[in-house]
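Undergrad: One file: protein08.pdb (PDB, C-alpha atoms).
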```pdb
ATOM      1  CA  MET Q  12      11.524  -0.137   2.152
ATOM      2  CA  ARG Q  13      13.848  -2.466   0.280
ATOM      3  CA  ILE Q  14      12.165  -4.230  -2.667
ATOM      4  CA  VAL Q  15      14.176  -6.418  -5.055
ATOM      5  CA  ILE Q  16      12.769  -8.014  -8.221
ATOM      6  CA  VAL Q  17      13.963 -11.639  -8.180
ATOM      7  CA  SER Q  18      14.045 -12.246 -11.951
ATOM      8  CA  SER Q  19      16.538  -9.443 -12.609
ATOM      9  CA  ASN Q  20      17.951  -8.923  -9.110
ATOM     10  CA  LYS Q  21      16.945  -5.276  -9.562
ATOM     11  CA  LEU Q  22      16.596  -3.108  -6.469
ATOM     12  CA  ILE Q  23      13.710  -0.659  -6.861
ATOM     13  CA  SER Q  24      15.313   2.690  -6.060
ATOM     14  CA  ALA Q  25      13.800   5.518  -4.021
ATOM     15  CA  SER Q  26      13.473   7.538  -7.234
ATOM     16  CA  GLU Q  27      11.302   4.763  -8.738
ATOM     17  CA  LEU Q  28       9.240   3.821  -5.666
ATOM     18  CA  ILE Q  29       6.248   6.091  -5.027
ATOM     19  CA  ILE Q  30       4.685   4.474  -1.948
ATOM     20  CA  ALA Q  31       4.848   1.141  -0.130
ATOM     21  CA  THR Q  32       2.728  -0.241   2.704
ATOM     22  CA  LEU Q  33       3.792  -3.458   4.434
ATOM     23  CA  ARG Q  34       1.090  -5.116   6.554
ATOM     24  CA  THR Q  35       1.057  -7.916   9.106
ATOM     25  CA  ASP Q  36      -2.348  -9.147  10.283
ATOM     26  CA  LEU Q  37      -3.987 -11.943  12.281
ATOM     27  CA  VAL Q  38      -5.539 -13.583   9.213
ATOM     28  CA  PRO Q  39      -4.913 -16.757   7.128
ATOM     29  CA  VAL Q  40      -2.517 -14.796   4.878
ATOM     30  CA  PRO Q  41      -0.767 -12.731   7.571
ATOM     31  CA  VAL Q  42       1.749 -10.701   5.523
ATOM     32  CA  SER Q  43       1.156  -8.533   2.465
ATOM     33  CA  ILE Q  44       2.654  -5.507   0.754
ATOM     34  CA  GLU Q  45       1.030  -2.865  -1.426
ATOM     35  CA  PHE Q  46       3.328  -0.605  -3.399
ATOM     36  CA  ALA Q  47       3.392   1.629  -6.442
ATOM     37  CA  VAL Q  48       6.322   2.552  -8.679
ATOM     38  CA  LYS Q  49       6.778   5.065 -11.475
ATOM     39  CA  HIS Q  50       5.820   3.635 -14.850
ATOM     40  CA  THR Q  51       8.699   2.585 -17.085
ATOM     41  CA  LYS Q  52       8.800  -0.081 -19.770
ATOM     42  CA  GLU Q  53      11.434  -1.978 -17.769
ATOM     43  CA  LEU Q  54       9.341  -2.082 -14.586
ATOM     44  CA  GLU Q  55       6.134  -2.921 -16.453
ATOM     45  CA  ASP Q  56       7.836  -5.949 -18.010
ATOM     46  CA  GLN Q  57       9.119  -7.156 -14.626
ATOM     47  CA  LEU Q  58       6.288  -6.283 -12.212
ATOM     48  CA  HIS Q  59       3.546  -8.484 -13.613
ATOM     49  CA  ASP Q  60       1.168 -10.941 -11.959
ATOM     50  CA  GLY Q  61       3.192 -13.908 -10.724
ATOM     51  CA  ALA Q  62       6.504 -12.022 -10.536
ATOM     52  CA  GLU Q  63       8.537 -12.585  -7.377
ATOM     53  CA  ILE Q  64      10.040  -9.894  -5.156
ATOM     54  CA  ILE Q  65      12.138  -9.853  -1.988
ATOM     55  CA  VAL Q  66      11.066  -7.390   0.709
ATOM     56  CA  ASN Q  67      13.447  -6.243   3.457
ATOM     57  CA  ASP Q  68      14.792  -9.279   5.350
ATOM     58  CA  PHE Q  69      11.760 -11.578   5.050
ATOM     59  CA  PRO Q  70      12.941 -15.172   4.511
ATOM     60  CA  TYR Q  71      10.261 -15.913   1.910
ATOM     61  CA  PRO Q  72       9.831 -14.338  -1.517
ATOM     62  CA  PHE Q  73       6.604 -12.448  -2.219
ATOM     63  CA  GLU Q  74       4.529 -13.118  -5.320
ATOM     64  CA  ILE Q  75       2.623 -10.338  -7.037
ATOM     65  CA  VAL Q  76      -1.100 -11.143  -7.129
ATOM     66  CA  TYR Q  77      -2.221  -7.810  -8.604
ATOM     67  CA  SER Q  78      -0.493  -5.441 -11.009
ATOM     68  CA  LEU Q  79      -2.168  -2.805 -13.180
ATOM     69  CA  PRO Q  80      -0.115  -0.128 -14.987
ATOM     70  CA  VAL Q  81      -1.959   3.202 -15.134
ATOM     71  CA  LYS Q  82      -1.168   6.527 -16.791
ATOM     72  CA  SER Q  83      -2.316  10.030 -15.913
ATOM     73  CA  GLN Q  84      -3.094  12.930 -18.226
ATOM     74  CA  THR Q  85       0.008  14.811 -17.064
ATOM     75  CA  ILE Q  86       2.762  15.088 -19.687
ATOM     76  CA  LYS Q  87       6.466  15.154 -18.836
ATOM     77  CA  ASP Q  88       9.334  14.739 -21.317
ATOM     78  CA  ASN Q  89       6.799  14.068 -24.094
ATOM     79  CA  ALA Q  90       5.300  11.127 -22.184
ATOM     80  CA  ARG Q  91       2.356  10.689 -19.859
ATOM     81  CA  ILE Q  92       3.294  10.238 -16.188
ATOM     82  CA  GLY Q  93       2.111   6.875 -14.912
ATOM     83  CA  GLY Q  94       2.488   4.347 -12.160
ATOM     84  CA  ILE Q  95       2.309   0.617 -11.513
ATOM     85  CA  PRO Q  96       0.372  -0.295  -8.354
ATOM     86  CA  CYS Q  97       1.026  -3.829  -7.080
ATOM     87  CA  ILE Q  98      -0.105  -6.146  -4.292
ATOM     88  CA  ALA Q  99       2.010  -9.115  -3.210
ATOM     89  CA  VAL Q 100       1.854 -11.868  -0.586
ATOM     90  CA  PHE Q 101       4.194 -14.662   0.443
ATOM     91  CA  LYS Q 102       4.641 -16.885  -2.602
ATOM     92  CA  GLY Q 103       3.622 -20.004  -0.665
ATOM     93  CA  CYS Q 104       0.391 -18.352   0.520
ATOM     94  CA  LYS Q 105      -1.003 -17.312  -2.852
ATOM     95  CA  LYS Q 106      -3.216 -20.411  -3.159
ATOM     96  CA  ILE Q 107      -4.926 -19.502   0.127
ATOM     97  CA  LEU Q 108      -6.389 -16.401  -1.556
ATOM     98  CA  GLU Q 109      -8.020 -18.467  -4.309
ATOM     99  CA  ASN Q 110     -11.156 -20.574  -4.585
ATOM    100  CA  ALA Q 111     -10.443 -24.251  -4.028
ATOM    101  CA  SER Q 112      -9.880 -26.195  -7.254
ATOM    102  CA  LYS Q 113     -10.781 -29.433  -5.459
ATOM    103  CA  ALA Q 114     -12.510 -30.437  -2.246
ATOM    104  CA  VAL Q 115     -10.345 -30.802   0.872
ATOM    105  CA  ILE Q 116     -11.902 -32.898   3.653
ATOM    106  CA  LEU Q 117      -9.763 -33.827   6.654
ATOM    107  CA  ASP Q 118     -10.548 -35.494  10.013
ATOM    108  CA  GLN Q 119      -8.428 -35.311  13.188
ATOM    109  CA  THR Q 120      -5.969 -33.041  11.480
ATOM    110  CA  SER Q 121      -4.159 -29.762  12.252
ATOM    111  CA  PHE Q 122      -4.077 -26.253  10.833
ATOM    112  CA  ASN Q 123      -0.651 -27.009   9.378
ATOM    113  CA  SER Q 124      -2.039 -29.993   7.455
ATOM    114  CA  ALA Q 125      -5.128 -28.068   6.320
ATOM    115  CA  TYR Q 126      -2.980 -25.140   5.190
ATOM    116  CA  ARG Q 127      -0.777 -27.378   3.071
ATOM    117  CA  ALA Q 128      -3.653 -29.505   1.744
ATOM    118  CA  CYS Q 129      -5.203 -26.280   0.400
ATOM    119  CA  GLY Q 130      -2.070 -25.501  -1.614
ATOM    120  CA  ALA Q 131       0.247 -23.534   0.667
ATOM    121  CA  SER Q 132       3.864 -24.492  -0.020
ATOM    122  CA  ASN Q 133       7.422 -23.557   0.968
ATOM    123  CA  ILE Q 134       6.108 -21.886   4.124
ATOM    124  CA  ARG Q 135       7.375 -22.923   7.525
ATOM    125  CA  ILE Q 136       4.486 -23.171   9.968
ATOM    126  CA  GLY Q 137       5.867 -23.173  13.499
ATOM    127  CA  THR Q 138       3.455 -23.488  16.424
ATOM    128  CA  ASP Q 139       0.455 -25.526  15.294
ATOM    129  CA  LEU Q 140      -2.904 -26.540  16.771
ATOM    130  CA  PRO Q 141      -5.016 -29.700  16.368
ATOM    131  CA  LEU Q 142      -8.179 -29.424  14.293
ATOM    132  CA  PRO Q 143     -11.000 -31.981  14.737
ATOM    133  CA  GLN Q 144     -12.266 -31.516  11.187
ATOM    134  CA  PHE Q 145     -11.634 -29.348   8.152
ATOM    135  CA  VAL Q 146     -13.916 -29.097   5.121
ATOM    136  CA  CYS Q 147     -13.332 -26.843   2.122
ATOM    137  CA  LEU Q 148     -15.505 -27.772  -0.851
ATOM    138  CA  LYS Q 149     -14.520 -27.142  -4.460
ATOM    139  CA  GLY Q 150     -15.149 -23.507  -5.375
ATOM    140  CA  SER Q 151     -15.021 -22.259  -1.760
ATOM    141  CA  LEU Q 152     -12.733 -19.359  -0.862
ATOM    142  CA  ILE Q 153      -9.933 -21.062   1.053
ATOM    143  CA  SER Q 154      -9.003 -18.115   3.283
ATOM    144  CA  LYS Q 155     -12.652 -17.771   4.367
ATOM    145  CA  ARG Q 156     -12.857 -21.456   5.324
ATOM    146  CA  LEU Q 157      -9.608 -21.257   7.296
ATOM    147  CA  ALA Q 158     -10.860 -18.145   9.085
ATOM    148  CA  LEU Q 159     -14.056 -20.002  10.051
ATOM    149  CA  TYR Q 160     -12.141 -22.871  11.643
ATOM    150  CA  LEU Q 161      -9.750 -20.480  13.361
ATOM    151  CA  GLN Q 162     -12.755 -18.794  14.949
ATOM    152  CA  GLN Q 163     -14.155 -22.147  16.083
ATOM    153  CA  GLU Q 164     -10.828 -22.892  17.800
ATOM    154  CA  ALA Q 165     -10.457 -19.326  19.191
ATOM    155  CA  ALA Q 166      -7.138 -19.012  17.374
ATOM    156  CA  VAL Q 167      -5.351 -16.753  14.880
ATOM    157  CA  ILE Q 168      -2.535 -17.034  12.358
ATOM    158  CA  CYS Q 169       0.324 -14.561  12.717
ATOM    159  CA  TYR Q 170       3.876 -13.973  11.489
ATOM    160  CA  ARG Q 171       6.650 -14.022  14.048
ATOM    161  CA  GLU Q 172      10.302 -15.052  14.264
ATOM    162  CA  LYS Q 173      10.460 -15.582  10.495
ATOM    163  CA  GLN Q 174       7.694 -18.165  10.467
ATOM    164  CA  ILE Q 175       3.921 -18.449  10.449
ATOM    165  CA  LEU Q 176       2.338 -19.460  13.758
ATOM    166  CA  VAL Q 177      -1.114 -20.687  14.740
ATOM    167  CA  ILE Q 178      -1.824 -19.533  18.278
ATOM    168  CA  LYS Q 179      -4.787 -19.531  20.668
ATOM    169  CA  LEU Q 180      -6.226 -16.141  21.639
ATOM    170  CA  ASP Q 181      -5.715 -16.913  25.331
ATOM    171  CA  ALA Q 182      -2.035 -17.732  24.698
ATOM    172  CA  LEU Q 183      -1.668 -14.571  22.635
ATOM    173  CA  PHE Q 184      -2.438 -12.395  25.657
ATOM    174  CA  LYS Q 185      -0.030 -14.326  27.894
ATOM    175  CA  GLN Q 186       2.930 -12.963  25.939
ATOM    176  CA  LYS Q 187       5.120 -10.240  27.365
ATOM    177  CA  PRO Q 188       4.401  -6.748  26.024
ATOM    178  CA  VAL Q 189       6.857  -5.544  23.394
ATOM    179  CA  LEU Q 190       5.875  -1.917  23.951
ATOM    180  CA  LYS Q 191       4.494   0.264  26.753
ATOM    181  CA  LEU Q 192       2.563   3.378  25.767
ATOM    182  CA  ASP Q 193       0.784   6.293  27.373
ATOM    183  CA  PRO Q 194      -3.019   6.410  26.852
ATOM    184  CA  SER Q 195      -2.645   9.846  25.236
ATOM    185  CA  GLU Q 196      -0.839   8.220  22.290
ATOM    186  CA  VAL Q 197      -3.943   6.247  21.310
ATOM    187  CA  GLN Q 198      -6.920   7.341  19.242
ATOM    188  CA  TRP Q 199      -9.509   5.360  21.188
ATOM    189  CA  LEU Q 200     -12.479   3.688  19.501
ATOM    190  CA  ASN Q 201     -15.176   3.824  22.156
ATOM    191  CA  SER Q 202     -18.362   2.567  20.523
ATOM    192  CA  GLU Q 203     -20.764   0.399  22.481
ATOM    193  CA  GLN Q 204     -22.810  -0.212  19.334
ATOM    194  CA  ILE Q 205     -19.825  -1.572  17.385
ATOM    195  CA  GLU Q 206     -18.948  -3.875  20.284
ATOM    196  CA  LYS Q 207     -22.499  -5.261  20.383
ATOM    197  CA  HIS Q 208     -22.378  -6.044  16.668
ATOM    198  CA  GLN Q 209     -19.017  -7.832  16.938
ATOM    199  CA  LYS Q 210     -19.834 -10.027  19.943
ATOM    200  CA  SER Q 211     -22.573 -12.693  19.774
ATOM    201  CA  SER Q 212     -23.804 -15.722  21.686
ATOM    202  CA  TYR Q 213     -23.896 -19.107  19.917
ATOM    203  CA  VAL Q 214     -26.229 -22.046  20.421
ATOM    204  CA  SER Q 215     -26.767 -25.454  18.840
ATOM    205  CA  ILE Q 216     -28.563 -28.789  19.241
ATOM    206  CA  ASP Q 217     -26.539 -31.766  20.480
ATOM    207  CA  GLN Q 218     -26.175 -34.960  18.455
ATOM    208  CA  ASP Q 219     -29.151 -36.538  20.245
ATOM    209  CA  GLY Q 220     -31.359 -34.056  18.374
ATOM    210  CA  SER Q 221     -33.019 -32.617  21.452
ATOM    211  CA  THR Q 222     -30.438 -31.321  23.951
ATOM    212  CA  PHE Q 223     -29.867 -27.575  23.734
ATOM    213  CA  ILE Q 224     -26.211 -26.527  24.086
ATOM    214  CA  GLY Q 225     -24.642 -23.116  24.297
ATOM    215  CA  ASP Q 226     -25.515 -19.964  26.185
ATOM    216  CA  ASP Q 227     -28.436 -17.882  24.938
ATOM    217  CA  THR Q 228     -27.954 -15.177  27.564
ATOM    218  CA  THR Q 229     -26.760 -11.959  25.992
ATOM    219  CA  THR Q 230     -26.872  -8.249  26.598
ATOM    220  CA  GLN Q 231     -29.434  -6.118  24.821
ATOM    221  CA  GLY Q 232     -28.423  -5.428  21.240
ATOM    222  CA  GLN Q 233     -26.213  -8.494  20.816
ATOM    223  CA  SER Q 234     -27.244 -11.307  18.499
ATOM    224  CA  ILE Q 235     -27.816 -14.999  19.223
ATOM    225  CA  ILE Q 236     -26.642 -17.240  16.369
ATOM    226  CA  GLN Q 237     -27.523 -20.901  15.817
ATOM    227  CA  LYS Q 238     -24.675 -23.089  14.540
ATOM    228  CA  ALA Q 239     -25.323 -26.687  13.537
ATOM    229  CA  GLY Q 240     -22.898 -29.528  14.154
ATOM    230  CA  LEU Q 241     -20.719 -27.835  16.781
ATOM    231  CA  ASP Q 242     -20.028 -28.991  20.329
ATOM    232  CA  ALA Q 243     -20.111 -26.878  23.503
ATOM    233  CA  ARG Q 244     -16.341 -26.213  23.343
ATOM    234  CA  GLN Q 245     -16.525 -24.819  19.819
ATOM    235  CA  LEU Q 246     -19.579 -22.704  20.667
ATOM    236  CA  LYS Q 247     -17.674 -21.205  23.601
ATOM    237  CA  ASN Q 248     -14.698 -20.502  21.357
ATOM    238  CA  LEU Q 249     -16.896 -18.603  18.899
ATOM    239  CA  GLU Q 250     -17.718 -16.116  21.663
ATOM    240  CA  LYS Q 251     -14.040 -15.170  22.042
ATOM    241  CA  VAL Q 252     -13.482 -12.284  19.649
ATOM    242  CA  LEU Q 253     -10.938  -9.506  19.242
ATOM    243  CA  ILE Q 254     -12.674  -6.134  19.495
ATOM    244  CA  PRO Q 255     -10.870  -3.064  18.061
ATOM    245  CA  ARG Q 256     -10.091  -0.525  20.795
ATOM    246  CA  GLY Q 257      -7.773   2.073  19.326
ATOM    247  CA  ILE Q 258      -5.360   3.270  16.649
ATOM    248  CA  ILE Q 259      -1.774   4.432  17.097
ATOM    249  CA  HIS Q 260       0.353   6.480  14.687
ATOM    250  CA  ARG Q 261       4.107   6.435  15.349
ATOM    251  CA  SER Q 262       7.423   6.701  13.565
ATOM    252  CA  LEU Q 263       8.339   3.786  11.323
ATOM    253  CA  SER Q 264       8.686   0.707  13.566
ATOM    254  CA  LEU Q 265       9.206  -2.332  11.345
ATOM    255  CA  GLU Q 266       9.875  -4.528  14.379
ATOM    256  CA  LEU Q 267       6.189  -4.348  15.412
ATOM    257  CA  ASN Q 268       3.874  -6.969  13.912
ATOM    258  CA  GLY Q 269       0.323  -8.192  14.159
ATOM    259  CA  GLY Q 270       0.080 -10.467  17.209
ATOM    260  CA  ASP Q 271       2.484  -8.456  19.379
ATOM    261  CA  ILE Q 272       1.224  -7.299  22.769
ATOM    262  CA  VAL Q 273       1.170  -3.647  23.822
ATOM    263  CA  GLU Q 274       0.661  -2.440  27.392
ATOM    264  CA  ILE Q 275      -1.280   0.778  28.025
ATOM    265  CA  ASP Q 276      -2.113   1.943  31.532
ATOM    266  CA  LYS Q 277      -1.455  -1.573  32.920
ATOM    267  CA  LYS Q 278      -3.867  -3.128  30.406
ATOM    268  CA  THR Q 279      -2.746  -5.349  27.538
ATOM    269  CA  TYR Q 280      -3.847  -5.077  23.917
ATOM    270  CA  VAL Q 281      -2.912  -7.101  20.865
ATOM    271  CA  ILE Q 282      -1.826  -5.508  17.598
ATOM    272  CA  LEU Q 283      -4.595  -6.533  15.231
ATOM    273  CA  THR Q 284      -2.885  -4.991  12.199
ATOM    274  CA  ALA Q 285       0.473  -3.271  11.793
ATOM    275  CA  ALA Q 286       0.844  -1.145   8.643
ATOM    276  CA  HIS Q 287       4.290   0.261   7.852
ATOM    277  CA  GLN Q 288       4.176   2.944   5.166
ATOM    278  CA  VAL Q 289       6.894   4.749   3.231
ATOM    279  CA  GLU Q 290       6.255   7.640   0.816
ATOM    280  CA  THR Q 291       9.151   8.915  -1.283
ATOM    281  CA  GLY Q 292       7.562  11.846  -3.097
ATOM    282  CA  ALA Q 293       8.997  10.450  -6.336
ATOM    283  CA  ILE Q 294       6.244  12.098  -8.374
ATOM    284  CA  GLY Q 295       5.400  14.833  -5.877
ATOM    285  CA  GLY Q 296       3.215  14.685  -2.789
ATOM    286  CA  ASN Q 297       4.161  13.670   0.733
ATOM    287  CA  VAL Q 298       7.557  12.402   1.813
ATOM    288  CA  GLY Q 299       7.973  10.413   4.993
ATOM    289  CA  SER Q 300       7.374   7.146   6.792
ATOM    290  CA  MET Q 301       5.128   5.961   9.605
ATOM    291  CA  THR Q 302       3.664   2.915  11.323
ATOM    292  CA  LYS Q 303      -0.045   2.635  12.043
ATOM    293  CA  LEU Q 304      -1.241   0.084  14.600
ATOM    294  CA  TRP Q 305      -4.779  -1.139  15.215
ATOM    295  CA  LEU Q 306      -5.173  -2.400  18.801
ATOM    296  CA  ALA Q 307      -7.738  -4.898  20.055
ATOM    297  CA  SER Q 308      -8.740  -6.570  23.307
ATOM    298  CA  LEU Q 309     -10.288  -9.967  23.958
TER     299      LEU Q 309
END
```
Re-express the file's structure as structure tokens.
TA:
Amino acid sequence: MRIVIVSSNKLISASELIIATLRTDLVPVPVSIEFAVKHTKELEDQLHDGAEIIVNDFPYPFEIVYSLPVKSQTIKDNARIGGIPCIAVFKGCKKILENASKAVILDQTSFNSAYRACGASNIRIGTDLPLPQFVCLKGSLISKRLALYLQQEAAVICYREKQILVIKLDALFKQKPVLKLDPSEVQWLNSEQIEKHQKSSYVSIDQDGSTFIGDDTTTQGQSIIQKAGLDARQLKNLEKVLIPRGIIHRSLSLELNGGDIVEIDKKTYVILTAAHQVETGAIGGNVGSMTKLWLASL
């Protein structure tokens, strides 16, 4: 894992890096990295909240949103051994993780416009989708509001081809698989109870105040949720959910990202989360690298 501190152009060496986990997800802030380095005065001064880093070949700098130097009780060379754990996201996406400092109310807009109106900057959003309305009141968590509207449009945000994309769930599964695997490689998550909790039916009352819209038919154990102010299309979209089906552990595969399609036994699954982890053993412990994939179906 190549991590460079922008302010000093310093490459964090393998002897300084303890562990790093790079994640790509189908969420409003789709790329993040968690890493920890050995504690030194130099690194503590440079790896602070707001510091920028470059990771691998990503075209955007990351900004550290969490940094907390810690020290253990172990003594080496007359000093306590310590580390600096950090979390960073794309610099332009940091605002999306915060509570809104002002209300954002948009009509007949798009996810691109909503994203930027909420403070995202210097991020290229490729494929976009129209959005009938977007409301994020002052003090609301921006990422939560974006996730709500993504669900209403049956869409996700993902990182691909060096840009952020907004894509419909149906279109997601029309992509060609990037990987074909044997079922034996998957740790399957077969839980009927979990599936019932994650899938619901949605109903509402039309604008005339009396017409019932939505489908209240559901299997036993699934919930029926009332949502005000939504039309039949949005209610139908809410019923389209990604249900986790399995987990895969494989050798480090940085080319795999959240949103990619995997084929297993002639069935297609989307990568819900791809976590790429590197451990150097800089202060003891494990040494190695791996990629962990969470798979989901529609």
Undergrad: Could you jot down the atom CA of Ile272 of chain Q to atom CA of Leu33 of chain Q separation for me, Å, one decimal place?
TA: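 Taking atom CA of Ile272 of chain Q as the start and atom CA of Leu33 of chain Q as the end point, the length is 18.9 Å.
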Undergrad: Considering all atoms listed in the file, state which residue in the set Q:Lys187, Q:His59, Q:Lys173, Q:Arg256 is at the smallest distance from Ala307 of chain Q.
TA: Q:Arg256
Undergrad: List the residues matched by the PyMOL selection byres ((chain Q and resi 117-128) around 12) in the displayed structure as a ChimeraX atom specification, ordered by chain and then by residue number.
TA: /Q:39-40,103-108,111-116,129-148,153-154,156-161,164,166-168,175-179
Undergrad: Quick one: residues within 7 Å of segment 275-284 of chain Q, all atoms listed in the file, excluding same-chain residues fewer than 6 positions away - as a ChimeraX atom specification?
TA: /Q:34-37,191-194,268-269,304-308
Undergrad: For the structure provided, state which residues fall under the PyMOL selection byres ((chain Q and resi 66) around 12), and present them as a ChimeraX atom specification.
TA: /Q:12-17,22-23,31-34,42-46,63-65,67-75,99-102,265
Undergrad: Between atom CA of Gly93 of chain Q and atom CA of Thr291 of chain Q, what is the spacing in Å?
TA: 15.5 Å
Undergrad: Do a neighbour search on segment 198-200 of chain Q at 7 Å with all atoms listed in the file, toss out local chain neighbours closer than 3 positions, and write the hits as a VMD selection string.
TA: chain Q and resid 256 to 259
Undergrad: What is the atom CA of Glu27 of chain Q to atom CA of Ile294 of chain Q distance in Å?
TA: 8.9 Å
Undergrad: Between Q:Val81, Q:Ala165, Q:Ala25, Q:Val273, single out the one closest to Asn248 of chain Q, counting all atoms listed in the file.
TA: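 Counting all atoms listed in the file, the residue closest to Asn248 of chain Q is Q:Ala165.
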Undergrad: Rank nothing, just name the residue among Q:Ser262, Q:Asp56, Q:Ala243, Q:Val38 nearest to Gln162 of chain Q, using all atoms listed in the file.
TA: Q:Val38
Undergrad: So, counting all atoms listed in the file, which residue among Q:Gln163, Q:Glu203, Q:Cys169, Q:Ser151 is closest to Ala285 of chain Q?
TA: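 Ranked by minimum distance to Ala285 of chain Q, first place goes to Q:Cys169.
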Undergrad: Considering only C-alpha atoms, return as a short mmCIF file (atom, residue, chain, number, x, y, z; two decimals) with C-alpha atoms, keeping the file's coordinate frame whatever protein or nucleic-acid residues lie within 7 Å of Val76 of chain Q, sequence-local ones (same chain, fewer than 5 positions apart) excluded.
TA:
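Written file, around_4.cif:
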```
data_model
loop_
_atom_site.label_atom_id
_atom_site.label_comp_id
_atom_site.auth_asym_id
_atom_site.auth_seq_id
_atom_site.Cartn_x
_atom_site.Cartn_y
_atom_site.Cartn_z
CA ASP Q 60 1.17 -10.94 -11.96
CA GLY Q 61 3.19 -13.91 -10.72
CA ILE Q 98 -0.10 -6.15 -4.29
CA ALA Q 99 2.01 -9.12 -3.21
#
```
Undergrad: Quick one: which residues end up in the PyMOL selection byres ((chain Q and resi 96) around 7) for this structure, as a tab-separated table (two decimals) with C-alpha atoms, in the coordinates of the input?
TA:
```tsv
chain	number	residue	atom	x	y	z
Q	46	PHE	CA	3.33	-0.60	-3.40
Q	47	ALA	CA	3.39	1.63	-6.44
Q	48	VAL	CA	6.32	2.55	-8.68
Q	78	SER	CA	-0.49	-5.44	-11.01
Q	79	LEU	CA	-2.17	-2.80	-13.18
Q	80	PRO	CA	-0.12	-0.13	-14.99
Q	94	GLY	CA	2.49	4.35	-12.16
Q	95	ILE	CA	2.31	0.62	-11.51
Q	97	CYS	CA	1.03	-3.83	-7.08
```
Undergrad: Any chance you could work out the axis-aligned box around segment 93-109 of chain Q, listed atoms only, 5 Å on each side, giving centre and edge lengths in Å to one decimal, as AutoDock Vina command-line options?
TA:
```
--center_x -1.7 --center_y -6.8 --center_z -7.2 --size_x 22.7 --size_y 37.3 --size_z 25.4
```
Undergrad: Quick one: residues within 6 Å of segment 296-301 of chain Q, only C-alpha atoms, excluding same-chain residues fewer than 5 positions away - as a ChimeraX atom specification?
TA: /Q:261-263,288-291
Undergrad: Nearest to Asp271 of chain Q: which of Q:Leu190, Q:Leu309, Q:Val197, Q:Ala286 is it, counting only C-alpha atoms?
TA: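 Smallest distance to Asp271 of chain Q is found for Q:Leu190.
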Undergrad: Could you rebuild segment 181-185 of chain Q with all heavy atoms and give me the result as a PDB file, keeping the file's coordinate frame?
TA:
```
ATOM      1  N   ASP Q 181      -6.112 -16.977  23.918  1.00  0.00           N
ATOM      2  CA  ASP Q 181      -5.715 -16.913  25.331  1.00  0.00           C
ATOM      3  C   ASP Q 181      -4.187 -16.880  25.461  1.00  0.00           C
ATOM      4  O   ASP Q 181      -3.642 -16.137  26.278  1.00  0.00           O
ATOM      5  CB  ASP Q 181      -6.282 -18.103  26.109  1.00  0.00           C
ATOM      6  CG  ASP Q 181      -7.798 -18.023  26.259  1.00  0.00           C
ATOM      7  OD1 ASP Q 181      -8.336 -16.898  26.207  1.00  0.00           O
ATOM      8  OD2 ASP Q 181      -8.442 -19.075  26.433  1.00  0.00           O
ATOM      9  N   ALA Q 182      -3.498 -17.702  24.655  1.00  0.00           N
ATOM     10  CA  ALA Q 182      -2.035 -17.732  24.698  1.00  0.00           C
ATOM     11  C   ALA Q 182      -1.445 -16.438  24.168  1.00  0.00           C
ATOM     12  O   ALA Q 182      -0.380 -15.997  24.615  1.00  0.00           O
ATOM     13  CB  ALA Q 182      -1.518 -18.924  23.886  1.00  0.00           C
ATOM     14  N   LEU Q 183      -2.134 -15.829  23.226  1.00  0.00           N
ATOM     15  CA  LEU Q 183      -1.668 -14.571  22.635  1.00  0.00           C
ATOM     16  C   LEU Q 183      -1.496 -13.507  23.713  1.00  0.00           C
ATOM     17  O   LEU Q 183      -0.497 -12.779  23.746  1.00  0.00           O
ATOM     18  CB  LEU Q 183      -2.683 -14.110  21.586  1.00  0.00           C
ATOM     19  CG  LEU Q 183      -2.225 -13.135  20.501  1.00  0.00           C
ATOM     20  CD1 LEU Q 183      -1.174 -13.774  19.611  1.00  0.00           C
ATOM     21  CD2 LEU Q 183      -3.422 -12.705  19.661  1.00  0.00           C
ATOM     22  N   PHE Q 184      -2.468 -13.435  24.626  1.00  0.00           N
ATOM     23  CA  PHE Q 184      -2.438 -12.395  25.657  1.00  0.00           C
ATOM     24  C   PHE Q 184      -1.553 -12.751  26.845  1.00  0.00           C
ATOM     25  O   PHE Q 184      -1.409 -11.947  27.766  1.00  0.00           O
ATOM     26  CB  PHE Q 184      -3.863 -12.087  26.123  1.00  0.00           C
ATOM     27  CG  PHE Q 184      -4.623 -11.199  25.174  1.00  0.00           C
ATOM     28  CD1 PHE Q 184      -5.339 -11.747  24.120  1.00  0.00           C
ATOM     29  CD2 PHE Q 184      -4.593  -9.826  25.306  1.00  0.00           C
ATOM     30  CE1 PHE Q 184      -6.025 -10.937  23.227  1.00  0.00           C
ATOM     31  CE2 PHE Q 184      -5.281  -9.002  24.418  1.00  0.00           C
ATOM     32  CZ  PHE Q 184      -5.991  -9.565  23.372  1.00  0.00           C
ATOM     33  N   LYS Q 185      -0.971 -13.948  26.842  1.00  0.00           N
ATOM     34  CA  LYS Q 185      -0.030 -14.326  27.894  1.00  0.00           C
ATOM     35  C   LYS Q 185       1.404 -13.937  27.539  1.00  0.00           C
ATOM     36  O   LYS Q 185       2.318 -14.115  28.344  1.00  0.00           O
ATOM     37  CB  LYS Q 185      -0.115 -15.833  28.157  1.00  0.00           C
ATOM     38  CG  LYS Q 185      -1.432 -16.249  28.805  1.00  0.00           C
ATOM     39  CD  LYS Q 185      -1.477 -17.750  29.040  1.00  0.00           C
ATOM     40  CE  LYS Q 185      -2.810 -18.171  29.673  1.00  0.00           C
ATOM     41  NZ  LYS Q 185      -2.894 -19.630  29.873  1.00  0.00           N
TER      42      LYS Q 185
END
```
